[in-house]
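Visitor: Just one file: target21.cif, with mmCIF, C-alpha atoms.
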```
data_my_file
#
loop_
_atom_site.group_PDB
_atom_site.id
_atom_site.type_symbol
_atom_site.label_atom_id
_atom_site.label_comp_id
_atom_site.auth_asym_id
_atom_site.auth_seq_id
_atom_site.Cartn_x
_atom_site.Cartn_y
_atom_site.Cartn_z
ATOM 1 C CA GLN A 1 -71.771 2.218 -24.284
ATOM 2 C CA THR A 2 -74.975 0.244 -24.587
ATOM 3 C CA CYS A 3 -75.727 -3.089 -22.955
ATOM 4 C CA ALA A 4 -76.839 -4.700 -26.212
ATOM 5 C CA LEU A 5 -75.361 -8.129 -26.846
ATOM 6 C CA PRO A 6 -73.144 -8.735 -29.886
ATOM 7 C CA ILE A 7 -75.045 -10.386 -32.744
ATOM 8 C CA PHE A 8 -73.312 -13.750 -32.363
ATOM 9 C CA GLU A 9 -74.069 -13.761 -28.628
ATOM 10 C CA ALA A 10 -77.648 -12.492 -29.008
ATOM 11 C CA ALA A 11 -78.465 -15.603 -31.012
ATOM 12 C CA ARG A 12 -77.788 -17.645 -27.877
ATOM 13 C CA TYR A 13 -80.514 -15.854 -25.920
ATOM 14 C CA THR A 14 -84.274 -15.579 -25.991
ATOM 15 C CA ASP A 15 -84.822 -11.815 -25.843
ATOM 16 C CA LEU A 16 -87.959 -10.657 -23.997
ATOM 17 C CA SER A 17 -89.292 -7.207 -23.211
ATOM 18 C CA SER A 18 -90.351 -6.590 -19.617
ATOM 19 C CA SER A 19 -94.024 -6.921 -20.611
ATOM 20 C CA GLU A 20 -93.408 -10.203 -22.445
ATOM 21 C CA TRP A 21 -91.471 -11.509 -19.460
ATOM 22 C CA ALA A 22 -94.199 -10.398 -17.021
ATOM 23 C CA ARG A 23 -96.726 -12.674 -18.725
ATOM 24 C CA LEU A 24 -94.572 -15.666 -17.809
ATOM 25 C CA ARG A 25 -95.491 -15.138 -14.181
ATOM 26 C CA ALA A 26 -98.625 -17.180 -14.952
ATOM 27 C CA SER A 27 -100.644 -17.344 -11.725
ATOM 28 C CA THR A 28 -97.703 -17.078 -9.335
ATOM 29 C CA PRO A 29 -98.930 -15.072 -6.319
ATOM 30 C CA LEU A 30 -96.977 -12.359 -4.535
ATOM 31 C CA PRO A 31 -96.219 -14.085 -1.204
ATOM 32 C CA ILE A 32 -95.046 -11.048 0.773
ATOM 33 C CA SER A 33 -96.426 -7.595 1.484
ATOM 34 C CA GLU A 34 -95.181 -4.226 0.278
ATOM 35 C CA ALA A 35 -94.038 -3.466 3.825
ATOM 36 C CA GLN A 36 -91.883 -6.601 3.807
ATOM 37 C CA LEU A 37 -90.378 -5.679 0.433
ATOM 38 C CA GLN A 38 -89.295 -2.129 1.227
ATOM 39 C CA PRO A 39 -86.347 -3.004 3.540
ATOM 40 C CA LEU A 40 -84.857 -5.093 0.716
ATOM 41 C CA GLY A 41 -84.036 -2.029 -1.378
ATOM 42 C CA GLY A 42 -80.629 -0.408 -1.749
ATOM 43 C CA VAL A 43 -79.337 2.994 -0.634
ATOM 44 C CA THR A 44 -80.666 4.740 -3.740
ATOM 45 C CA GLU A 45 -82.798 1.948 -5.171
ATOM 46 C CA PRO A 46 -86.209 1.479 -3.532
ATOM 47 C CA VAL A 47 -88.011 -1.753 -4.300
ATOM 48 C CA SER A 48 -90.841 -1.346 -6.795
ATOM 49 C CA VAL A 49 -93.749 -3.671 -6.058
ATOM 50 C CA SER A 50 -94.790 -3.616 -9.696
ATOM 51 C CA GLU A 51 -91.307 -4.674 -10.777
ATOM 52 C CA VAL A 52 -91.243 -7.459 -8.197
ATOM 53 C CA ILE A 53 -94.505 -8.723 -9.668
ATOM 54 C CA ASP A 54 -93.515 -8.290 -13.324
ATOM 55 C CA VAL A 55 -89.834 -9.290 -13.186
ATOM 56 C CA TYR A 56 -88.939 -11.181 -10.040
ATOM 57 C CA LEU A 57 -92.052 -13.328 -9.652
ATOM 58 C CA PRO A 58 -91.592 -14.848 -13.141
ATOM 59 C CA LEU A 59 -87.907 -15.315 -12.332
ATOM 60 C CA SER A 60 -88.729 -17.049 -9.055
ATOM 61 C CA ARG A 61 -91.111 -19.327 -10.945
ATOM 62 C CA LEU A 62 -88.401 -20.212 -13.469
ATOM 63 C CA LEU A 63 -85.847 -20.874 -10.734
ATOM 64 C CA ASN A 64 -88.331 -23.032 -8.849
ATOM 65 C CA LEU A 65 -88.823 -25.161 -11.975
ATOM 66 C CA TYR A 66 -85.069 -25.414 -12.547
ATOM 67 C CA ALA A 67 -84.301 -26.278 -8.918
ATOM 68 C CA SER A 68 -86.993 -28.949 -8.845
ATOM 69 C CA ALA A 69 -85.713 -30.490 -12.079
ATOM 70 C CA THR A 70 -82.156 -30.504 -10.741
ATOM 71 C CA ARG A 71 -83.256 -32.290 -7.573
ATOM 72 C CA ARG A 72 -85.026 -34.937 -9.630
ATOM 73 C CA LEU A 73 -81.895 -35.460 -11.718
ATOM 74 C CA ARG A 74 -79.764 -35.834 -8.590
ATOM 75 C CA ARG A 75 -82.201 -38.377 -7.147
ATOM 76 C CA ALA A 76 -82.022 -40.350 -10.391
ATOM 77 C CA THR A 77 -78.218 -40.347 -10.242
ATOM 78 C CA THR A 78 -78.298 -41.484 -6.610
ATOM 79 C CA GLU A 79 -80.735 -44.267 -7.474
ATOM 80 C CA PHE A 80 -78.510 -45.379 -10.328
ATOM 81 C CA LEU A 81 -75.489 -45.508 -8.039
ATOM 82 C CA SER A 82 -77.494 -47.188 -5.256
ATOM 83 C CA GLY A 83 -76.232 -44.612 -2.798
ATOM 84 C CA ASP A 84 -77.656 -42.347 -0.110
ATOM 85 C CA ALA A 85 -78.969 -38.997 -1.282
ATOM 86 C CA ALA A 86 -76.923 -36.121 0.112
ATOM 87 C CA HIS A 87 -78.495 -32.720 0.660
ATOM 88 C CA VAL A 88 -76.978 -30.562 -2.082
ATOM 89 C CA PRO A 89 -78.124 -26.915 -2.280
ATOM 90 C CA TYR A 90 -79.165 -25.417 -5.599
ATOM 91 C CA VAL A 91 -76.642 -22.576 -6.018
ATOM 92 C CA ILE A 92 -77.450 -19.362 -7.880
ATOM 93 C CA GLY A 93 -74.711 -16.875 -8.814
ATOM 94 C CA ILE A 94 -75.551 -13.193 -9.319
ATOM 95 C CA ALA A 95 -72.959 -10.881 -10.913
ATOM 96 C CA GLY A 96 -72.789 -7.305 -12.136
ATOM 97 C CA SER A 97 -71.088 -3.956 -11.640
ATOM 98 C CA VAL A 98 -70.714 -1.969 -8.461
ATOM 99 C CA ALA A 99 -73.922 0.084 -7.926
ATOM 100 C CA VAL A 100 -75.944 -1.787 -10.571
ATOM 101 C CA GLY A 101 -78.354 -3.211 -7.992
ATOM 102 C CA LYS A 102 -77.331 -6.856 -7.795
ATOM 103 C CA SER A 103 -77.580 -6.850 -3.999
ATOM 104 C CA THR A 104 -81.191 -5.680 -4.150
ATOM 105 C CA SER A 105 -81.972 -8.320 -6.786
ATOM 106 C CA SER A 106 -80.399 -10.971 -4.557
ATOM 107 C CA ARG A 107 -82.404 -9.962 -1.486
ATOM 108 C CA VAL A 108 -85.685 -9.837 -3.399
ATOM 109 C CA LEU A 109 -85.063 -13.240 -4.973
ATOM 110 C CA ARG A 110 -84.180 -14.731 -1.613
ATOM 111 C CA ALA A 111 -87.433 -13.453 -0.118
ATOM 112 C CA LEU A 112 -89.553 -14.791 -2.992
ATOM 113 C CA LEU A 113 -87.822 -18.168 -3.355
ATOM 114 C CA SER A 114 -88.156 -18.907 0.354
ATOM 115 C CA HIS A 115 -91.953 -18.963 -0.029
ATOM 116 C CA TRP A 116 -91.966 -21.816 -2.533
ATOM 117 C CA PRO A 117 -92.910 -25.004 -0.624
ATOM 118 C CA ASP A 118 -90.220 -27.132 -2.315
ATOM 119 C CA HIS A 119 -87.322 -25.064 -0.952
ATOM 120 C CA PRO A 120 -88.210 -22.978 2.115
ATOM 121 C CA ARG A 121 -84.612 -22.578 3.292
ATOM 122 C CA VAL A 122 -82.853 -19.992 1.136
ATOM 123 C CA ASP A 123 -79.570 -18.376 2.174
ATOM 124 C CA LEU A 124 -77.552 -15.499 0.733
ATOM 125 C CA VAL A 125 -73.793 -14.948 0.806
ATOM 126 C CA THR A 126 -71.874 -12.064 -0.770
ATOM 127 C CA THR A 127 -68.301 -12.491 -1.922
ATOM 128 C CA ASP A 128 -67.304 -9.239 -0.163
ATOM 129 C CA GLY A 129 -66.493 -11.360 2.880
ATOM 130 C CA PHE A 130 -63.881 -13.213 0.843
ATOM 131 C CA LEU A 131 -61.915 -10.044 0.072
ATOM 132 C CA LEU A 132 -58.433 -10.034 1.557
ATOM 133 C CA PRO A 133 -58.235 -7.961 4.773
ATOM 134 C CA GLN A 134 -57.553 -4.270 4.163
ATOM 135 C CA ARG A 135 -54.150 -4.466 5.871
ATOM 136 C CA GLU A 136 -53.100 -7.288 3.562
ATOM 137 C CA LEU A 137 -54.357 -5.451 0.481
ATOM 138 C CA GLU A 138 -52.297 -2.407 1.461
ATOM 139 C CA ALA A 139 -49.217 -4.547 2.105
ATOM 140 C CA ARG A 140 -49.545 -6.095 -1.353
ATOM 141 C CA GLY A 141 -50.133 -2.746 -3.052
ATOM 142 C CA LEU A 142 -53.701 -3.713 -3.921
ATOM 143 C CA ALA A 143 -55.624 -1.089 -1.928
ATOM 144 C CA ARG A 144 -56.785 0.605 -5.127
ATOM 145 C CA ARG A 145 -57.548 -2.767 -6.737
ATOM 146 C CA LYS A 146 -60.198 -3.742 -4.218
ATOM 147 C CA GLY A 147 -62.939 -5.654 -6.005
ATOM 148 C CA PHE A 148 -60.561 -6.791 -8.759
ATOM 149 C CA PRO A 149 -60.101 -10.574 -8.991
ATOM 150 C CA GLU A 150 -56.671 -10.513 -7.337
ATOM 151 C CA SER A 151 -58.102 -8.819 -4.199
ATOM 152 C CA TYR A 152 -60.065 -11.937 -3.156
ATOM 153 C CA ASP A 153 -59.006 -14.958 -1.139
ATOM 154 C CA LEU A 154 -59.960 -17.217 -4.028
ATOM 155 C CA ARG A 155 -58.775 -20.389 -2.337
ATOM 156 C CA ARG A 156 -61.011 -19.752 0.667
ATOM 157 C CA LEU A 157 -64.000 -18.977 -1.554
ATOM 158 C CA LEU A 158 -63.495 -22.177 -3.548
ATOM 159 C CA ARG A 159 -63.184 -24.186 -0.350
ATOM 160 C CA PHE A 160 -66.414 -22.643 0.947
ATOM 161 C CA LEU A 161 -68.313 -23.554 -2.226
ATOM 162 C CA THR A 162 -66.813 -27.046 -2.305
ATOM 163 C CA ASP A 163 -68.053 -27.682 1.239
ATOM 164 C CA VAL A 164 -71.512 -26.292 0.440
ATOM 165 C CA LYS A 165 -71.856 -28.475 -2.639
ATOM 166 C CA SER A 166 -70.532 -31.492 -0.738
ATOM 167 C CA GLY A 167 -73.387 -31.245 1.731
ATOM 168 C CA VAL A 168 -71.302 -30.220 4.772
ATOM 169 C CA ASP A 169 -73.656 -29.524 7.682
ATOM 170 C CA ASP A 170 -72.272 -26.132 8.697
ATOM 171 C CA VAL A 171 -70.065 -24.009 6.436
ATOM 172 C CA GLU A 172 -68.730 -20.650 7.595
ATOM 173 C CA ALA A 173 -68.485 -17.594 5.348
ATOM 174 C CA PRO A 174 -66.529 -14.516 6.482
ATOM 175 C CA VAL A 175 -68.473 -11.296 7.070
ATOM 176 C CA TYR A 176 -67.670 -7.913 5.537
ATOM 177 C CA SER A 177 -68.470 -4.478 6.981
ATOM 178 C CA HIS A 178 -69.117 -1.703 4.482
ATOM 179 C CA VAL A 179 -68.794 0.806 7.313
ATOM 180 C CA ALA A 180 -65.337 -0.403 8.332
ATOM 181 C CA TYR A 181 -64.543 -1.224 4.670
ATOM 182 C CA ASP A 182 -62.986 -4.473 5.804
ATOM 183 C CA VAL A 183 -63.574 -8.105 6.701
ATOM 184 C CA VAL A 184 -64.784 -8.383 10.306
ATOM 185 C CA PRO A 185 -62.208 -10.391 12.316
ATOM 186 C CA GLY A 186 -63.650 -13.448 14.042
ATOM 187 C CA GLU A 187 -67.165 -12.974 12.659
ATOM 188 C CA SER A 188 -68.764 -15.464 10.274
ATOM 189 C CA HIS A 189 -72.057 -16.344 8.643
ATOM 190 C CA HIS A 190 -73.087 -19.977 9.072
ATOM 191 C CA VAL A 191 -74.561 -21.688 6.025
ATOM 192 C CA ARG A 192 -76.405 -24.787 7.224
ATOM 193 C CA GLN A 193 -77.516 -26.893 4.265
ATOM 194 C CA PRO A 194 -80.027 -24.521 2.660
ATOM 195 C CA ASP A 195 -82.262 -25.695 -0.149
ATOM 196 C CA ILE A 196 -81.052 -22.778 -2.256
ATOM 197 C CA LEU A 197 -77.928 -20.652 -1.820
ATOM 198 C CA ILE A 198 -77.546 -17.317 -3.606
ATOM 199 C CA VAL A 199 -73.948 -16.137 -4.071
ATOM 200 C CA GLU A 200 -73.668 -12.486 -5.091
ATOM 201 C CA GLY A 201 -70.526 -10.707 -6.198
ATOM 202 C CA LEU A 202 -68.671 -8.723 -8.851
ATOM 203 C CA ASN A 203 -66.540 -11.476 -10.330
ATOM 204 C CA VAL A 204 -68.433 -14.700 -9.598
ATOM 205 C CA LEU A 205 -68.717 -15.606 -13.303
ATOM 206 C CA GLN A 206 -65.008 -15.340 -14.048
ATOM 207 C CA THR A 207 -62.902 -18.253 -15.247
ATOM 208 C CA GLY A 208 -59.531 -16.925 -14.107
ATOM 209 C CA SER A 209 -57.777 -15.980 -10.890
ATOM 210 C CA GLY A 210 -56.755 -12.483 -11.948
ATOM 211 C CA ARG A 211 -53.217 -13.079 -10.672
ATOM 212 C CA ALA A 212 -50.504 -12.578 -13.230
ATOM 213 C CA GLY A 213 -48.407 -15.660 -13.757
ATOM 214 C CA SER A 214 -50.564 -17.838 -11.524
ATOM 215 C CA GLY A 215 -51.813 -19.998 -14.367
ATOM 216 C CA ARG A 216 -55.335 -21.318 -14.684
ATOM 217 C CA PRO A 217 -56.770 -22.762 -11.479
ATOM 218 C CA HIS A 218 -58.207 -26.252 -11.492
ATOM 219 C CA MET A 219 -61.613 -24.938 -10.392
ATOM 220 C CA PHE A 220 -63.524 -21.724 -10.913
ATOM 221 C CA VAL A 221 -66.171 -20.157 -8.687
ATOM 222 C CA SER A 222 -68.651 -20.413 -11.545
ATOM 223 C CA ASP A 223 -68.183 -24.208 -11.660
ATOM 224 C CA PHE A 224 -70.344 -24.495 -8.541
ATOM 225 C CA PHE A 225 -73.376 -22.606 -9.857
ATOM 226 C CA ASP A 226 -76.536 -24.285 -11.097
ATOM 227 C CA PHE A 227 -77.922 -21.021 -12.492
ATOM 228 C CA THR A 228 -76.332 -17.618 -13.075
ATOM 229 C CA ILE A 229 -77.733 -14.105 -13.425
ATOM 230 C CA TYR A 230 -76.010 -10.951 -14.676
ATOM 231 C CA VAL A 231 -77.514 -7.563 -13.781
ATOM 232 C CA ASP A 232 -76.685 -5.200 -16.652
ATOM 233 C CA ALA A 233 -76.937 -1.496 -17.514
ATOM 234 C CA THR A 234 -75.054 1.070 -19.573
ATOM 235 C CA GLU A 235 -71.802 2.430 -18.142
ATOM 236 C CA THR A 236 -73.261 5.949 -18.092
ATOM 237 C CA ASP A 237 -76.239 4.909 -15.989
ATOM 238 C CA VAL A 238 -74.184 2.858 -13.550
ATOM 239 C CA GLU A 239 -71.757 5.744 -13.086
ATOM 240 C CA GLN A 240 -74.632 8.060 -12.184
ATOM 241 C CA TRP A 241 -76.055 5.493 -9.770
ATOM 242 C CA TYR A 242 -72.626 5.211 -8.159
ATOM 243 C CA VAL A 243 -72.407 8.992 -7.766
ATOM 244 C CA ASP A 244 -75.940 9.180 -6.344
ATOM 245 C CA ARG A 245 -75.109 6.454 -3.827
ATOM 246 C CA PHE A 246 -71.852 8.171 -2.828
ATOM 247 C CA LEU A 247 -73.706 11.441 -2.175
ATOM 248 C CA LYS A 248 -76.335 9.656 -0.121
ATOM 249 C CA LEU A 249 -73.718 7.818 1.946
ATOM 250 C CA ARG A 250 -71.764 11.049 2.478
ATOM 251 C CA ALA A 251 -74.828 12.470 4.223
ATOM 252 C CA THR A 252 -75.498 9.320 6.270
ATOM 253 C CA VAL A 253 -73.024 6.478 6.847
ATOM 254 C CA PHE A 254 -69.908 8.569 6.182
ATOM 255 C CA GLN A 255 -70.909 10.908 9.030
ATOM 256 C CA SER A 256 -70.021 8.205 11.546
ATOM 257 C CA ARG A 257 -66.475 8.455 12.888
ATOM 258 C CA SER A 258 -66.248 4.661 12.678
ATOM 259 C CA SER A 259 -66.743 4.815 8.914
ATOM 260 C CA TYR A 260 -63.652 4.180 6.798
ATOM 261 C CA PHE A 261 -64.870 6.989 4.515
ATOM 262 C CA HIS A 262 -65.505 9.532 7.288
ATOM 263 C CA ARG A 263 -62.950 11.827 5.594
ATOM 264 C CA TYR A 264 -65.500 12.416 2.825
ATOM 265 C CA ALA A 265 -68.261 13.531 5.188
ATOM 266 C CA THR A 266 -67.353 17.236 5.025
ATOM 267 C CA LEU A 267 -67.014 17.492 1.249
ATOM 268 C CA THR A 268 -69.237 19.984 -0.527
ATOM 269 C CA ASP A 269 -71.721 18.681 -3.100
ATOM 270 C CA VAL A 270 -69.377 19.628 -5.938
ATOM 271 C CA GLU A 271 -66.339 18.096 -4.245
ATOM 272 C CA ALA A 272 -68.230 14.922 -3.385
ATOM 273 C CA GLU A 273 -69.443 14.453 -6.954
ATOM 274 C CA GLU A 274 -65.961 15.050 -8.359
ATOM 275 C CA THR A 275 -64.510 12.552 -5.875
ATOM 276 C CA ALA A 276 -67.133 9.931 -6.682
ATOM 277 C CA ARG A 277 -66.585 10.252 -10.433
ATOM 278 C CA GLN A 278 -62.818 10.051 -10.008
ATOM 279 C CA ILE A 279 -63.135 6.849 -7.941
ATOM 280 C CA TRP A 280 -65.564 5.421 -10.468
ATOM 281 C CA ARG A 281 -63.428 6.159 -13.533
ATOM 282 C CA THR A 282 -60.075 5.092 -12.095
ATOM 283 C CA ILE A 283 -61.183 1.976 -10.194
ATOM 284 C CA ASN A 284 -64.724 0.694 -10.711
ATOM 285 C CA LEU A 285 -65.023 1.439 -14.426
ATOM 286 C CA VAL A 286 -61.664 -0.201 -15.082
ATOM 287 C CA ASN A 287 -62.738 -3.313 -13.177
ATOM 288 C CA LEU A 288 -66.082 -3.353 -14.974
ATOM 289 C CA ARG A 289 -64.489 -3.212 -18.420
ATOM 290 C CA GLU A 290 -61.597 -5.578 -17.726
ATOM 291 C CA ASN A 291 -63.191 -8.187 -15.488
ATOM 292 C CA VAL A 292 -66.931 -7.902 -14.850
ATOM 293 C CA ALA A 293 -68.612 -7.051 -18.170
ATOM 294 C CA PRO A 294 -66.680 -9.722 -20.150
ATOM 295 C CA THR A 295 -68.418 -12.393 -18.024
ATOM 296 C CA ARG A 296 -71.927 -11.242 -18.973
ATOM 297 C CA GLU A 297 -72.367 -13.721 -21.818
ATOM 298 C CA ARG A 298 -71.598 -16.607 -19.456
ATOM 299 C CA ALA A 299 -74.818 -15.955 -17.520
ATOM 300 C CA HIS A 300 -77.933 -18.056 -17.975
ATOM 301 C CA LEU A 301 -80.061 -14.931 -17.638
ATOM 302 C CA ILE A 302 -79.383 -11.213 -18.094
ATOM 303 C CA LEU A 303 -81.498 -8.497 -16.471
ATOM 304 C CA GLU A 304 -81.051 -5.326 -18.521
ATOM 305 C CA LYS A 305 -81.880 -2.124 -16.651
ATOM 306 C CA GLY A 306 -82.884 1.287 -17.919
ATOM 307 C CA ARG A 307 -81.893 4.680 -16.543
ATOM 308 C CA ASP A 308 -84.640 4.563 -13.892
ATOM 309 C CA HIS A 309 -83.195 1.305 -12.477
ATOM 310 C CA ALA A 310 -86.180 -0.642 -13.818
ATOM 311 C CA VAL A 311 -85.568 -3.858 -15.737
ATOM 312 C CA ARG A 312 -86.594 -3.252 -19.349
ATOM 313 C CA ARG A 313 -85.426 -6.478 -21.015
ATOM 314 C CA VAL A 314 -84.714 -10.025 -19.929
ATOM 315 C CA ARG A 315 -82.475 -12.360 -21.876
ATOM 316 C CA LEU A 316 -82.671 -16.071 -21.133
ATOM 317 C CA ARG A 317 -79.973 -18.286 -22.548
ATOM 318 C CA LYS A 318 -81.290 -21.002 -24.822
ATOM 319 C CA VAL A 319 -80.785 -24.536 -23.520
#
```
Please go through the file and, once you have read it, give me the structure as structure tokens.
Guide:
Amino acid sequence: QTCALPIFEAARYTDLSSSEWARLRASTPLPISEAQLQPLGGVTEPVSVSEVIDVYLPLSRLLNLYASATRRLRRATTEFLSGDAAHVPYVIGIAGSVAVGKSTSSRVLRALLSHWPDHPRVDLVTTDGFLLPQRELEARGLARRKGFPESYDLRRLLRFLTDVKSGVDDVEAPVYSHVAYDVVPGESHHVRQPDILIVEGLNVLQTGSGRAGSGRPHMFVSDFFDFTIYVDATETDVEQWYVDRFLKLRATVFQSRSSYFHRYATLTDVEAEETARQIWRTINLVNLRENVAPTRERAHLILEKGRDHAVRRVRLRKV
């Protein structure tokens, strides 16, 4: 499958090649060094300085303009109501498939946005921490549905975002360990009134709970976002990236006895690839097709990647 938008949806977007998008950087400088960028990459996705300059600097410029305009609008509303201005973070949602690189995009954007003088405090939260504990998932028969909408503590996530948007001084987000493959009991990440908050996760653009018979909730996670980004690629490419990452983890993280996936550490190359593709096709691909990809057209901006992980097109939704 390709990641081209349907004709009726494409009309809603301004479609730009990577070179056309790069020109929109204007004179925005690169505020951090190559050495500072490298740790932001993923397991199999090193950060390209040229892509940061051509793709993420223009995006940081756009987001800076949007965040500044939103603050001005909020000040105008406060003035109209003759009230006190509360500190409300500008919230950015980033969605996309497993292994597509949304975590790397989130980290790079956080680093760049924090160097704009108007909003130096930028925080990042992933929705992995809001997954139900592994024991609870197993008890509910959802162990093989991890990452699907019904595997999240949606009420807790909505409460977290409500508090953030309400200007609460200190809001706690649960922490997830990819080594233990579980939420870390008693550990939390404190979000203390940032200027910008980036929320990254598989299903953050959805407008349903994913629970059969639960009805439509009164609020959706996406209701709290000021700007949304979808990181896109073809299914074939994402599958290969998932396999590559699995093989890399098998030789590194999975070797630790504390790793939930330690049982895969001794697999041969052939066995490991077969295992990775089976997991992808029976779990992650199903989730992508049923829940993640259908939310793409809800995003304000789509980053379309090529086989080499580089962004080749950018689609910005028309206002």
Visitor: Pull out every residue that the PyMOL selection byres ((chain A and resi 203-205) around 6) matches in the shown coordinates and put them as number ranges by chain.
Guide: A: 201-202, 206, 221-222, 292, 295
Visitor: Once the PyMOL selection byres ((chain A and resi 74) around 12) is applied to the coordinates I shared, what remains selected? I want it as a ChimeraX atom specification.
Guide: /A:67-73,75-81,83-90
Visitor: Env of range 267-275 of chain A: 10 Å cut, atoms = only C-alpha atoms, seq-sep filter 6 positions within chain, self excluded. Answer as an MDAnalysis selection string.
Guide: chainID A and resid 240 242:244 246:247 250:251
Visitor: So the first atom is CA of Tyr260 in chain A and the second is CA of His190 in chain A; what is the distance between them in Å, to one decimal place?
Guide: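 These atoms are spaced 26.0 Å apart.
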Visitor: Quote the spacing between CA of Asp226 in chain A and CA of Ser105 in chain A in Å to one decimal place.
Guide: 17.4 Å
Visitor: I'd like the neighbourhood of Leu301 in chain A as a PDB file with C-alpha atoms, keeping the file's coordinate frame, where a residue qualifies if any of its atoms comes within 12 Å (using all atoms listed in the file), though same-chain residues fewer than 3 positions away should be ignored.
Guide:
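Wrote part11.pdb, looks like this:
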```pdb
ATOM      1  CA  ALA A  10     -77.648 -12.492 -29.008  1.00  0.00           C
ATOM      2  CA  ARG A  12     -77.788 -17.645 -27.877  1.00  0.00           C
ATOM      3  CA  TYR A  13     -80.514 -15.854 -25.920  1.00  0.00           C
ATOM      4  CA  THR A  14     -84.274 -15.579 -25.991  1.00  0.00           C
ATOM      5  CA  ASP A  15     -84.822 -11.815 -25.843  1.00  0.00           C
ATOM      6  CA  LEU A  16     -87.959 -10.657 -23.997  1.00  0.00           C
ATOM      7  CA  LEU A  59     -87.907 -15.315 -12.332  1.00  0.00           C
ATOM      8  CA  LEU A  62     -88.401 -20.212 -13.469  1.00  0.00           C
ATOM      9  CA  LEU A  63     -85.847 -20.874 -10.734  1.00  0.00           C
ATOM     10  CA  ILE A  92     -77.450 -19.362  -7.880  1.00  0.00           C
ATOM     11  CA  GLY A  93     -74.711 -16.875  -8.814  1.00  0.00           C
ATOM     12  CA  ILE A  94     -75.551 -13.193  -9.319  1.00  0.00           C
ATOM     13  CA  ALA A  95     -72.959 -10.881 -10.913  1.00  0.00           C
ATOM     14  CA  GLY A  96     -72.789  -7.305 -12.136  1.00  0.00           C
ATOM     15  CA  ASP A 226     -76.536 -24.285 -11.097  1.00  0.00           C
ATOM     16  CA  PHE A 227     -77.922 -21.021 -12.492  1.00  0.00           C
ATOM     17  CA  THR A 228     -76.332 -17.618 -13.075  1.00  0.00           C
ATOM     18  CA  ILE A 229     -77.733 -14.105 -13.425  1.00  0.00           C
ATOM     19  CA  TYR A 230     -76.010 -10.951 -14.676  1.00  0.00           C
ATOM     20  CA  VAL A 231     -77.514  -7.563 -13.781  1.00  0.00           C
ATOM     21  CA  ASP A 232     -76.685  -5.200 -16.652  1.00  0.00           C
ATOM     22  CA  THR A 295     -68.418 -12.393 -18.024  1.00  0.00           C
ATOM     23  CA  ARG A 296     -71.927 -11.242 -18.973  1.00  0.00           C
ATOM     24  CA  GLU A 297     -72.367 -13.721 -21.818  1.00  0.00           C
ATOM     25  CA  ARG A 298     -71.598 -16.607 -19.456  1.00  0.00           C
ATOM     26  CA  GLU A 304     -81.051  -5.326 -18.521  1.00  0.00           C
ATOM     27  CA  ARG A 313     -85.426  -6.478 -21.015  1.00  0.00           C
ATOM     28  CA  VAL A 314     -84.714 -10.025 -19.929  1.00  0.00           C
ATOM     29  CA  ARG A 315     -82.475 -12.360 -21.876  1.00  0.00           C
ATOM     30  CA  LEU A 316     -82.671 -16.071 -21.133  1.00  0.00           C
ATOM     31  CA  ARG A 317     -79.973 -18.286 -22.548  1.00  0.00           C
ATOM     32  CA  LYS A 318     -81.290 -21.002 -24.822  1.00  0.00           C
ATOM     33  CA  VAL A 319     -80.785 -24.536 -23.520  1.00  0.00           C
TER      34      VAL A 319
END
```
Visitor: Show which residues sit within 8 Å of Phe130 in chain A, as a PyMOL selection string. Count only C-alpha atoms, and ignore same-chain residues fewer than 4 positions away.
Guide: chain A and resi 152-154+156-157+173-175+183
Visitor: Within 10 Å of (-79.2, -0.7, -20.5), in the coordinates the file gives, what residues turn up when you count all atoms listed in the file, written out as a count of residues only?
Guide: 22
Visitor: For Asp223 in chain A, which residue out of A:Val52, A:Val191, A:Ala35, A:Leu161 is the nearest one, using all atoms listed in the file?
Guide: A:Leu161
Visitor: Can you tell me which residues surround Val168 in chain A at a distance of at most 8 Å, considering only C-alpha atoms, apart from same-chain residues fewer than 5 positions away, and format the answer as a ChimeraX atom specification?
Guide: /A:163,192-193
Visitor: May I have the centre and edge lengths, in Å to one decimal, of an axis-aligned box around the listed atoms of range 219-227 of chain A with 4 Å added to every side, as lines of an AutoDock Vina configuration file?
Guide:
```
center_x = -69.8
center_y = -22.5
center_z = -10.5
size_x = 24.3
size_y = 12.8
size_z = 12.0
```
Visitor: When you draw a straight line from CA of Asn287 in chain A to CA of Glu150 in chain A, how long is it in Å?
Guide: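 Going from CA of Asn287 in chain A over to CA of Glu150 in chain A, I get 11.1 Å.
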Visitor: When distances are computed from all atoms listed in the file, which of A:Leu124, A:Ala143, A:Val91, A:Ser114 shows the smallest separation from Thr162 in chain A?
Guide: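 Looking at the shortest contact to Thr162 in chain A, the residue is A:Val91.
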Visitor: Determine, counting all atoms listed in the file, which protein, DNA and RNA residues have an atom within 8 Å of an atom of Ser60 in chain A; residues of the same chain fewer than 4 positions away are not included. Present the result as a PDB file with C-alpha atoms, keeping the file's coordinate frame.
Guide:
```pdb
ATOM      1  CA  TYR A  56     -88.939 -11.181 -10.040  1.00  0.00           C
ATOM      2  CA  ASN A  64     -88.331 -23.032  -8.849  1.00  0.00           C
ATOM      3  CA  LEU A 109     -85.063 -13.240  -4.973  1.00  0.00           C
ATOM      4  CA  LEU A 112     -89.553 -14.791  -2.992  1.00  0.00           C
ATOM      5  CA  LEU A 113     -87.822 -18.168  -3.355  1.00  0.00           C
TER       6      LEU A 113
END
```
Visitor: Around (-97.3, -9.9, -16.0) in the file's own coordinates, what residues are found within 12 Å if you use only C-alpha atoms, given back as a list of chain:residue names?
Guide: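 Residues with an atom close enough to that point: A:Ser17, A:Ser18, A:Ser19, A:Glu20, A:Trp21, A:Ala22, A:Arg23, A:Leu24, A:Arg25, A:Ala26, A:Ser27, A:Thr28, A:Pro29, A:Leu30, A:Ser50, A:Glu51, A:Val52, A:Ile53, A:Asp54, A:Val55, A:Tyr56, A:Leu57, A:Pro58, A:Leu59.
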